[in-house]
Structures are given as structure tokens and as C-alpha cells.
Amino acid sequence: MSQHIHWYPGHIAKAEKELKQKLNLVDVVIEVIDARIPHSSRYKNIEKLCPNKPRLILMNKTDLSDENYNRIWAKIIQRETGCKVLNTSLNNKNDINIITKLITDLSADIMQKRLEKGLLCRPTRTMVIGMPNTGKSSTINKLVKKSKAKTGAKAGVTRTQQWVRINDKIELLDTPGIIPTVQDDQNQAKKLAFVNSIGENAYDFEYVAEELLNTLYKFYKEELLSYYGLEEKPDIEKIAIAKKWILKKEQPDIKRTAQIILSNFREGKIGKFTLERPEEYGFI
Ligand SMILES: Nc1nc2c(ncn2[C@@H]2O[C@H](COP(=O)(O)OP(=O)(O)O)[C@@H](O)[C@H]2O)c(=O)[nH]1
Ligand SMILES: [Mg+2]
């Protein structure tokens with residue numbers, strides 16, 4: 001089978017190594033995934049990267065996903081991973097209080113053990129990790145908003161990274177850990193391309209836009225047809241013609257239309273969509 005989306009194993013190994021070094025510095029890990037593709041935006045090797053480390057999973061961008069599936073997926077992932085899963089979105093300011101409370105709860109055992117060993121009391125250290133574009137930086141910004149006090153570099157941390165005090169109990173690494181997108185699974189890679197989590201050089205816009213249309217037609221037929229004013233199964237060409245995105249000599253502008261379709265979906269203009277169903281992965 002031909003590979004439509006390309007990946008480089010060498011890069012992945014290096015990125016994993018760097019991520020692992022950073023993870024060694026923290027007590028609790030905050031993993032951000034994308035609520036529109038809750039299965040594919042999770043990293044299957046995560047347990048190996050931070051074994052036995054408490055993890056809080058934020059299912060982010062729930063303002064763009066299907067509210068009928070947000071809770072269902074959160075429950076499933078919670079059950080599968082044994083980690084607490086929280087639905088979040090950029091503009092929900094209440095998230096922050098819940099996140100900080102959960103981090104403190106998750107580190108209680110570790111702090112108790114430190115105490116028993118006679119070690120110094122110190123704030124819980126945490127960091128945000130996730131695949132590209134899931135909302136890691138936005139999450140960090142939300143957490144540090146009211147607490148600009150940087151606590152300075154620590155041993156083992158490069159100078160470009162700083163610990164930021166979130167409150168008297170939590171310190172956050174101010175740069176996120178980027179999980180390398182393993183693209184050996186073409187179905188997963190396709191989903192990641194839909195939500196702009198894969199570099200644009202790695203794939204062909206027309207292929208990904210066509211696949212997105214197929215997926216939307218499968219799960220959200222009504223919304224898709226009505227958004228583009230069509231009555232039958234859409235493809236890029238039909239949409240180009242319906243929208244009059246035409247080049248000289250009456251040729252439909254396929255390239256531009258493919259890009260617009262992807263943007264329309266990514267901005268939530270067609271609707272609030274979740275592109276994965278638990279039963280596809282044997283969860284129900
Ligand atoms: N609609 C929506 N957009 C978000 C949300 N979180 C992040 N974004 C946007 O998604 C893009 C990527 O976010 P960013 O935090 O840079 O992701 P990172 O690559 O994981 O650090 C930015 O344009 C953000 O404004 C969210 O919850 N909802
Ligand atoms: Mg970022």
C-alpha cells in the first residue's frame with residue numbers, strides 16, 4: 001500500500017529521547033489531546049515514556065467537537081488509561097482551577113513519600129505534553145497568566161526552559177513537550193492531518209481534503225451537504241463548482257478548494273464534529 005503521509009523514524013527516536021529527559025524532571029504529567037480525534041491524538045507509547053508517573057489528560061478543543069461524544073470519550077479514555085480525563089477548551093477559564101486542584105491531588109502520594117523519606121518539602125513539578133497543535137502552549141499560557149513569577153533555571157534544565165510558579169504548590173515547566181507524531185499508522189496520520197497536527201509538507205492537500213469529506217459524509221452528512229449547498233455526496237470538484245471557485249478557462253480550482261475545505265473544518269465552520277467513534281476501536 002502506498003504511503004500518503006510520510007514520516008521519519010530517526011526523528012521520532014531523537015524526539016522521544018529529549019522528551020523522556022524532560023519528563024524525568026516532573027512529578028505529574030499533563031497530556032493534551034484533541035477532542036475531535038480523541039483516539040488518534042493519544043500517544044500509544046506514553047506509558048513507556050513516563051512509567052508510573054501520575055498523568056492528567058486534557059481532552060482539549062471541546063468547543064470544536066461534538067458535545068454528544070465529549071463525555072463518552074472522556075469516560076472511555078479514563079477507563080483505558082486509569083488517568084483522570086478532563087474536557088477543556090481555550091476560552092473556558094474555569095478549567096484552570098480544576099486543573100490545579102487535580103495536579104495537587106495527583107501528587108499527594110509523591111509528596112507524602114518525600115516527607116516520609118525526610119526530603120525537603122517542595123512544590124509539585126509538572127509539564128504539558130501532547131502532539132502538535134493540540135493546545136499545549138495555550139494551556140501553559142492559561143496556567144501562568146496570573147503568575148508571571150519565574151523561579152529560574154534548575155539543574156538539568158536547559159537555559160531556554162524555566163519553571164513558573166502557578167501557585168504555592170505547583171511549578172510548571174514553561175515549554176511544552178512535543179510528542180512526535182508517529183505516522184506509521186496511515187489511518188491515524190490522516191486524522192492528525194485533518195486537525196493540522198502534521199506538517200503540511202508531509203501530505204497532499206487534495207488527498208487529505210478528499211478523505212476529510214468522506215469522513216464528514218459518514219458521520220455528519222446533513223451538516224456537510226447544507227454547508228456547501230449540495231444534495232449529493234460532495235467531492236472537491238463538486239464543491240469548487242458549487243462555490244464558483246474556478247480558474248481561467250472554467251477549470252475548478254481544486255488546490256484552493258482543498259485548502260478551504262480543510263480550513264472550514266479546522267475552524268469549526270461546518271459544525272462541531274468528533275471524527276472517531278468508540279466502536280471503531282472496540283471500546284463499546
Ligand atoms: N477553538 C479552539 N482553539 C484552540 C483551543 N486550544 C488551542 N486552540 C488553538 O489551536 C492552535 C494551536 O494551539 P497551541 O496552544 O499553539 O498548540 P500547541 O502546538 O499544542 O502548543 C492555536 O491557534 C490556538 O489558538 C481550544 O480549546 N479551542
Ligand atoms: Mg506550542
# chains A, B, ... in the order shown; residues from 1 in each chain; ligands from 1
call {"tool": "residues_around", "arguments": {"residues": "Gly82 (chain A)", "least_positions_apart": "2", "cutoff": "12 Å", "atoms": "only C-alpha atoms", "output": "list in words"}}
result
Glu47, Asn52, Lys53, Pro54, Arg55, Leu56, Ile57, Ala74, Lys75, Ile76, Ile77, Gln78, Arg79, Glu80, Lys84 and Val85 of chain A
call {"tool": "residues_near_ligand", "arguments": {"ligand": "ligand 2", "cutoff": "12 Å", "atoms": "only C-alpha atoms and all ligand atoms", "output": "count of residues only"}}
result
22
call {"tool": "atom_distance", "arguments": {"atom1": "atom 7 (C, counted along the ligand's line) of ligand 1", "atom2": "CA of Leu90 (chain A)"}}
result
5.5 Å
call {"tool": "residues_around", "arguments": {"residues": "Glu280 (chain A)", "least_positions_apart": "5", "cutoff": "12 Å", "atoms": "only C-alpha atoms", "output": "PyMOL selection string"}}
result
chain A and resi 39-40+187+275
call {"tool": "closest_residue", "arguments": {"among": "A:Lys145, A:Lys61, A:Lys255, A:Arg266", "to": "Arg165 (chain A)", "atoms": "only C-alpha atoms"}}
result
A:Lys145
call {"tool": "select_by_dssp", "arguments": {"residues": "region 29-213 of chain A", "states": "helix (DSSP H, G or I)", "output": "CSV table (one decimal) with N, CA and C atoms, in the first residue's frame"}}
result
chain,number,residue,atom,x,y,z
A,46,ILE,N,3.1,6.3,25.4
A,46,ILE,CA,3.3,7.2,26.5
A,46,ILE,C,3.6,6.5,27.8
A,47,GLU,N,3.1,5.3,28.1
A,47,GLU,CA,3.4,4.6,29.3
A,47,GLU,C,4.9,4.3,29.4
A,48,LYS,N,5.5,4.1,28.3
A,48,LYS,CA,7.0,3.8,28.3
A,48,LYS,C,7.8,5.1,28.5
A,49,LEU,N,7.3,6.2,28.1
A,49,LEU,CA,8.0,7.5,28.3
A,49,LEU,C,8.0,7.9,29.7
A,67,GLU,N,-20.6,17.6,21.2
A,67,GLU,CA,-20.8,17.5,22.6
A,67,GLU,C,-21.4,16.2,23.0
A,68,ASN,N,-22.0,15.5,22.1
A,68,ASN,CA,-22.5,14.1,22.4
A,68,ASN,C,-21.4,13.1,22.7
A,69,TYR,N,-20.2,13.4,22.2
A,69,TYR,CA,-19.1,12.5,22.4
A,69,TYR,C,-18.1,12.9,23.4
A,70,ASN,N,-18.1,14.1,23.8
A,70,ASN,CA,-17.0,14.6,24.7
A,70,ASN,C,-17.0,13.8,26.0
A,71,ARG,N,-18.1,13.6,26.6
A,71,ARG,CA,-18.2,12.8,27.9
A,71,ARG,C,-17.9,11.3,27.7
A,72,ILE,N,-18.5,10.8,26.6
A,72,ILE,CA,-18.4,9.4,26.3
A,72,ILE,C,-16.9,9.0,26.1
A,73,TRP,N,-16.2,9.8,25.3
A,73,TRP,CA,-14.8,9.6,25.1
A,73,TRP,C,-13.9,9.8,26.3
A,74,ALA,N,-14.3,10.8,27.1
A,74,ALA,CA,-13.5,11.1,28.3
A,74,ALA,C,-13.6,9.9,29.3
A,75,LYS,N,-14.8,9.3,29.4
A,75,LYS,CA,-15.0,8.1,30.2
A,75,LYS,C,-14.2,6.9,29.7
A,76,ILE,N,-14.3,6.7,28.4
A,76,ILE,CA,-13.5,5.6,27.9
A,76,ILE,C,-12.0,5.7,28.1
A,77,ILE,N,-11.5,6.9,27.8
A,77,ILE,CA,-10.1,7.1,28.0
A,77,ILE,C,-9.7,7.0,29.4
A,78,GLN,N,-10.5,7.4,30.3
A,78,GLN,CA,-10.3,7.3,31.7
A,78,GLN,C,-10.2,5.9,32.2
A,79,ARG,N,-11.1,5.1,31.6
A,79,ARG,CA,-11.2,3.7,31.9
A,79,ARG,C,-10.0,2.9,31.3
A,80,GLU,N,-9.6,3.3,30.1
A,80,GLU,CA,-8.5,2.6,29.4
A,80,GLU,C,-7.1,2.9,30.1
A,81,THR,N,-6.9,4.2,30.5
A,81,THR,CA,-5.6,4.6,31.0
A,81,THR,C,-5.5,4.6,32.5
A,95,ASP,N,-11.5,26.0,33.8
A,95,ASP,CA,-10.7,24.8,33.7
A,95,ASP,C,-9.5,24.9,34.6
A,96,ILE,N,-8.9,26.1,34.7
A,96,ILE,CA,-7.7,26.3,35.4
A,96,ILE,C,-7.8,25.8,36.9
A,97,ASN,N,-8.8,26.2,37.6
A,97,ASN,CA,-9.0,25.9,39.0
A,97,ASN,C,-9.0,24.4,39.1
A,98,ILE,N,-9.8,23.7,38.2
A,98,ILE,CA,-9.9,22.3,38.3
A,98,ILE,C,-8.6,21.6,38.0
A,99,ILE,N,-7.9,22.1,37.0
A,99,ILE,CA,-6.6,21.5,36.6
A,99,ILE,C,-5.6,21.6,37.8
A,100,THR,N,-5.5,22.8,38.4
A,100,THR,CA,-4.5,22.9,39.5
A,100,THR,C,-4.9,22.1,40.7
A,101,LYS,N,-6.2,22.0,41.0
A,101,LYS,CA,-6.6,21.1,42.1
A,101,LYS,C,-6.3,19.6,41.8
A,102,LEU,N,-6.5,19.2,40.5
A,102,LEU,CA,-6.2,17.8,40.2
A,102,LEU,C,-4.7,17.5,40.3
A,103,ILE,N,-3.9,18.5,39.8
A,103,ILE,CA,-2.4,18.3,39.9
A,103,ILE,C,-2.0,18.1,41.4
A,104,THR,N,-2.5,18.9,42.2
A,104,THR,CA,-2.2,18.8,43.6
A,104,THR,C,-2.6,17.4,44.2
A,105,ASP,N,-3.8,17.0,43.8
A,105,ASP,CA,-4.3,15.7,44.3
A,105,ASP,C,-3.5,14.6,43.8
A,106,LEU,N,-3.1,14.7,42.5
A,106,LEU,CA,-2.3,13.6,41.9
A,106,LEU,C,-0.9,13.5,42.5
A,107,SER,N,-0.4,14.5,43.0
A,107,SER,CA,1.0,14.5,43.6
A,107,SER,C,1.0,14.2,45.1
A,108,ALA,N,-0.2,14.1,45.7
A,108,ALA,CA,-0.3,13.9,47.1
A,108,ALA,C,0.6,12.8,47.6
A,109,ASP,N,0.4,11.6,47.0
A,109,ASP,CA,1.2,10.4,47.4
A,109,ASP,C,2.7,10.7,47.3
A,110,ILE,N,3.1,11.3,46.2
A,110,ILE,CA,4.6,11.5,46.0
A,110,ILE,C,5.1,12.4,47.1
A,111,MET,N,4.3,13.5,47.4
A,111,MET,CA,4.8,14.4,48.4
A,111,MET,C,4.8,13.8,49.8
A,112,GLN,N,3.8,12.9,50.0
A,112,GLN,CA,3.8,12.2,51.3
A,112,GLN,C,5.1,11.3,51.4
A,113,LYS,N,5.4,10.6,50.3
A,113,LYS,CA,6.6,9.7,50.3
A,113,LYS,C,7.9,10.5,50.5
A,114,ARG,N,7.9,11.7,49.9
A,114,ARG,CA,9.1,12.6,50.1
A,114,ARG,C,9.3,12.9,51.6
A,115,LEU,N,8.1,13.2,52.2
A,115,LEU,CA,8.1,13.6,53.6
A,115,LEU,C,8.6,12.5,54.5
A,116,GLU,N,8.1,11.3,54.2
A,116,GLU,CA,8.5,10.1,55.0
A,116,GLU,C,10.0,9.8,54.8
A,136,LYS,N,-1.1,22.8,23.6
A,136,LYS,CA,-0.2,22.8,24.7
A,136,LYS,C,0.2,24.2,25.2
A,137,SER,N,0.6,25.0,24.2
A,137,SER,CA,1.0,26.4,24.6
A,137,SER,C,-0.1,27.2,25.2
A,138,SER,N,-1.3,27.0,24.6
A,138,SER,CA,-2.5,27.8,25.1
A,138,SER,C,-2.7,27.3,26.6
A,139,THR,N,-2.6,26.1,26.8
A,139,THR,CA,-2.8,25.6,28.2
A,139,THR,C,-1.8,26.2,29.2
A,140,ILE,N,-0.5,26.2,28.7
A,140,ILE,CA,0.5,26.8,29.6
A,140,ILE,C,0.2,28.2,29.8
A,141,ASN,N,-0.1,29.0,28.8
A,141,ASN,CA,-0.4,30.4,28.9
A,141,ASN,C,-1.6,30.6,29.9
A,142,LYS,N,-2.6,29.8,29.8
A,142,LYS,CA,-3.7,29.9,30.7
A,142,LYS,C,-3.3,29.7,32.2
A,143,LEU,N,-2.4,28.7,32.3
A,143,LEU,CA,-2.0,28.4,33.7
A,143,LEU,C,-1.1,29.4,34.3
A,144,VAL,N,-0.2,30.1,33.5
A,144,VAL,CA,0.7,31.0,34.0
A,144,VAL,C,0.2,32.5,34.0
A,186,GLN,N,-1.4,4.8,8.9
A,186,GLN,CA,-1.9,5.8,8.0
A,186,GLN,C,-3.2,6.3,8.4
A,187,ASN,N,-4.0,5.5,9.0
A,187,ASN,CA,-5.4,6.0,9.4
A,187,ASN,C,-5.2,7.1,10.5
A,188,GLN,N,-4.3,6.8,11.4
A,188,GLN,CA,-4.1,7.8,12.5
A,188,GLN,C,-3.5,9.1,11.9
A,189,ALA,N,-2.5,8.9,11.0
A,189,ALA,CA,-1.8,10.1,10.3
A,189,ALA,C,-2.9,10.9,9.6
A,190,LYS,N,-3.8,10.3,9.0
A,190,LYS,CA,-4.8,11.0,8.2
A,190,LYS,C,-5.7,11.9,9.2
A,191,LYS,N,-6.0,11.3,10.3
A,191,LYS,CA,-6.8,12.1,11.3
A,191,LYS,C,-6.0,13.3,11.8
A,192,LEU,N,-4.7,13.0,12.1
A,192,LEU,CA,-3.9,14.1,12.6
A,192,LEU,C,-3.7,15.2,11.5
A,193,ALA,N,-3.7,14.8,10.3
A,193,ALA,CA,-3.6,15.8,9.2
A,193,ALA,C,-4.9,16.6,9.2
A,194,PHE,N,-6.0,16.0,9.4
A,194,PHE,CA,-7.3,16.8,9.4
A,194,PHE,C,-7.2,17.9,10.4
A,200,GLU,N,2.6,20.4,7.0
A,200,GLU,CA,1.9,20.4,5.7
A,200,GLU,C,2.7,19.8,4.6
A,201,ASN,N,4.1,19.7,4.8
A,201,ASN,CA,4.9,19.2,3.7
A,201,ASN,C,4.8,17.6,3.7
A,202,ALA,N,4.2,17.1,4.7
A,202,ALA,CA,4.2,15.6,4.8
A,202,ALA,C,3.0,15.0,4.0
A,205,PHE,N,-2.6,17.9,0.1
A,205,PHE,CA,-3.8,18.6,0.5
A,205,PHE,C,-5.1,18.0,-0.1
A,206,GLU,N,-5.0,17.7,-1.4
A,206,GLU,CA,-6.2,17.1,-2.1
A,206,GLU,C,-6.6,15.8,-1.5
A,207,TYR,N,-5.5,14.9,-1.3
A,207,TYR,CA,-5.8,13.6,-0.7
A,207,TYR,C,-6.5,13.8,0.7
A,208,VAL,N,-5.9,14.6,1.5
A,208,VAL,CA,-6.4,14.8,2.9
A,208,VAL,C,-7.8,15.4,2.9
A,209,ALA,N,-8.0,16.4,2.0
A,209,ALA,CA,-9.3,17.0,1.9
A,209,ALA,C,-10.4,16.1,1.4
A,210,GLU,N,-10.0,15.3,0.5
A,210,GLU,CA,-11.0,14.3,0.0
A,210,GLU,C,-11.4,13.2,1.1
A,211,GLU,N,-10.3,12.8,1.8
A,211,GLU,CA,-10.6,11.9,2.9
A,211,GLU,C,-11.4,12.5,4.0
A,212,LEU,N,-11.2,13.8,4.2
A,212,LEU,CA,-12.0,14.5,5.2
A,212,LEU,C,-13.4,14.6,4.8
A,213,LEU,N,-13.7,14.8,3.5
A,213,LEU,CA,-15.0,14.9,3.0
A,213,LEU,C,-15.7,13.5,3.2
call {"tool": "closest_residue", "arguments": {"among": "A:Arg122, A:Lys221, A:Arg36, A:Lys117", "to": "ligand 1", "atoms": "only C-alpha atoms and all ligand atoms"}}
result
A:Arg36
call {"tool": "select_by_dssp", "arguments": {"residues": "region 87-230 of chain A", "states": "strand (DSSP E)", "output": "list in words"}}
result
Asn87, Thr124, Arg125, Thr126, Met127, Val128, Ile129, Gly130, Trp163, Val164, Arg165, Ile166, Asn167, Ile170, Glu171, Leu172, Leu173, Gly177 and Ile178 of chain A
call {"tool": "write_last_selection", "arguments": {"atoms": "N, CA and C atoms", "output": "compact mmCIF listing (two decimals), in the first residue's frame"}}
result
# COMPACT_ATOMS: atom_id res chain seq x y z
N ASN A 87 -12.51 17.44 30.13
CA ASN A 87 -12.84 18.17 28.89
C ASN A 87 -12.45 19.63 29.08
N THR A 124 4.95 20.74 43.73
CA THR A 124 4.81 19.70 42.70
C THR A 124 5.32 20.24 41.38
N ARG A 125 6.12 19.45 40.69
CA ARG A 125 6.58 19.88 39.37
C ARG A 125 5.79 19.19 38.28
N THR A 126 5.39 19.99 37.28
CA THR A 126 4.57 19.42 36.22
C THR A 126 4.98 20.00 34.87
N MET A 127 4.57 19.31 33.79
CA MET A 127 4.79 19.86 32.45
C MET A 127 3.67 19.41 31.53
N VAL A 128 3.51 20.15 30.45
CA VAL A 128 2.46 19.87 29.48
C VAL A 128 3.07 19.16 28.28
N ILE A 129 2.49 18.04 27.90
CA ILE A 129 2.96 17.36 26.69
C ILE A 129 1.77 17.06 25.77
N GLY A 130 2.06 16.77 24.53
CA GLY A 130 0.99 16.44 23.60
C GLY A 130 1.48 16.54 22.17
N TRP A 163 11.09 27.24 35.15
CA TRP A 163 9.96 26.82 35.97
C TRP A 163 9.14 28.05 36.33
N VAL A 164 7.85 27.93 36.19
CA VAL A 164 6.97 29.04 36.54
C VAL A 164 6.11 28.58 37.71
N ARG A 165 6.02 29.45 38.72
CA ARG A 165 5.20 29.14 39.89
C ARG A 165 3.74 29.43 39.56
N ILE A 166 2.90 28.40 39.61
CA ILE A 166 1.47 28.57 39.30
C ILE A 166 0.70 29.00 40.55
N ASN A 167 1.05 28.37 41.65
CA ASN A 167 0.54 28.79 42.96
C ASN A 167 1.56 28.28 43.99
N ILE A 170 2.46 24.47 43.08
CA ILE A 170 2.77 23.91 41.75
C ILE A 170 3.78 24.76 40.97
N GLU A 171 4.75 24.06 40.38
CA GLU A 171 5.66 24.69 39.43
C GLU A 171 5.50 24.01 38.08
N LEU A 172 5.46 24.85 37.03
CA LEU A 172 5.22 24.32 35.68
C LEU A 172 6.41 24.66 34.79
N LEU A 173 6.83 23.68 34.00
CA LEU A 173 7.87 23.94 33.00
C LEU A 173 7.24 24.79 31.90
N GLY A 177 6.31 19.69 26.07
CA GLY A 177 6.98 18.54 25.47
C GLY A 177 6.16 18.12 24.26
N ILE A 178 6.82 18.10 23.11
CA ILE A 178 6.08 17.74 21.89
C ILE A 178 6.21 16.25 21.63
call {"tool": "closest_residue", "arguments": {"among": "A:Ile270, A:Leu58, A:Ile261, A:Cys83", "to": "ligand 1", "atoms": "only C-alpha atoms and all ligand atoms"}}
result
A:Leu58
call {"tool": "residues_around", "arguments": {"residues": "Tyr227 (chain A)", "least_positions_apart": "4", "cutoff": "10 Å", "atoms": "only C-alpha atoms", "output": "list in words"}}
result
Glu222, Glu223, Asn264, Lys269, Ile270 and Gly271 of chain A
call {"tool": "closest_residue", "arguments": {"among": "A:Asn94, A:Ser65, A:Gln251, A:Thr215", "to": "ligand 1", "atoms": "only C-alpha atoms and all ligand atoms"}}
result
A:Ser65
call {"tool": "atom_distance", "arguments": {"atom1": "CA of Glu267 (chain A)", "atom2": "CA of Ile12 (chain A)"}}
result
28.6 Å
call {"tool": "closest_residue", "arguments": {"among": "A:Asp185, A:Asp66, A:Asp34, A:Asp204", "to": "ligand 1", "atoms": "only C-alpha atoms and all ligand atoms"}}
result
A:Asp34
call {"tool": "closest_residue", "arguments": {"among": "A:Phe273, A:Phe219, A:Tyr228, A:Tyr203", "to": "ligand 1", "atoms": "only C-alpha atoms and all ligand atoms"}}
result
A:Phe273
call {"tool": "residues_around", "arguments": {"residues": "Ala242 (chain A)", "least_positions_apart": "6", "cutoff": "12 Å", "atoms": "only C-alpha atoms", "output": "ChimeraX atom specification"}}
result
/A:225-232,234-236,252-253,257
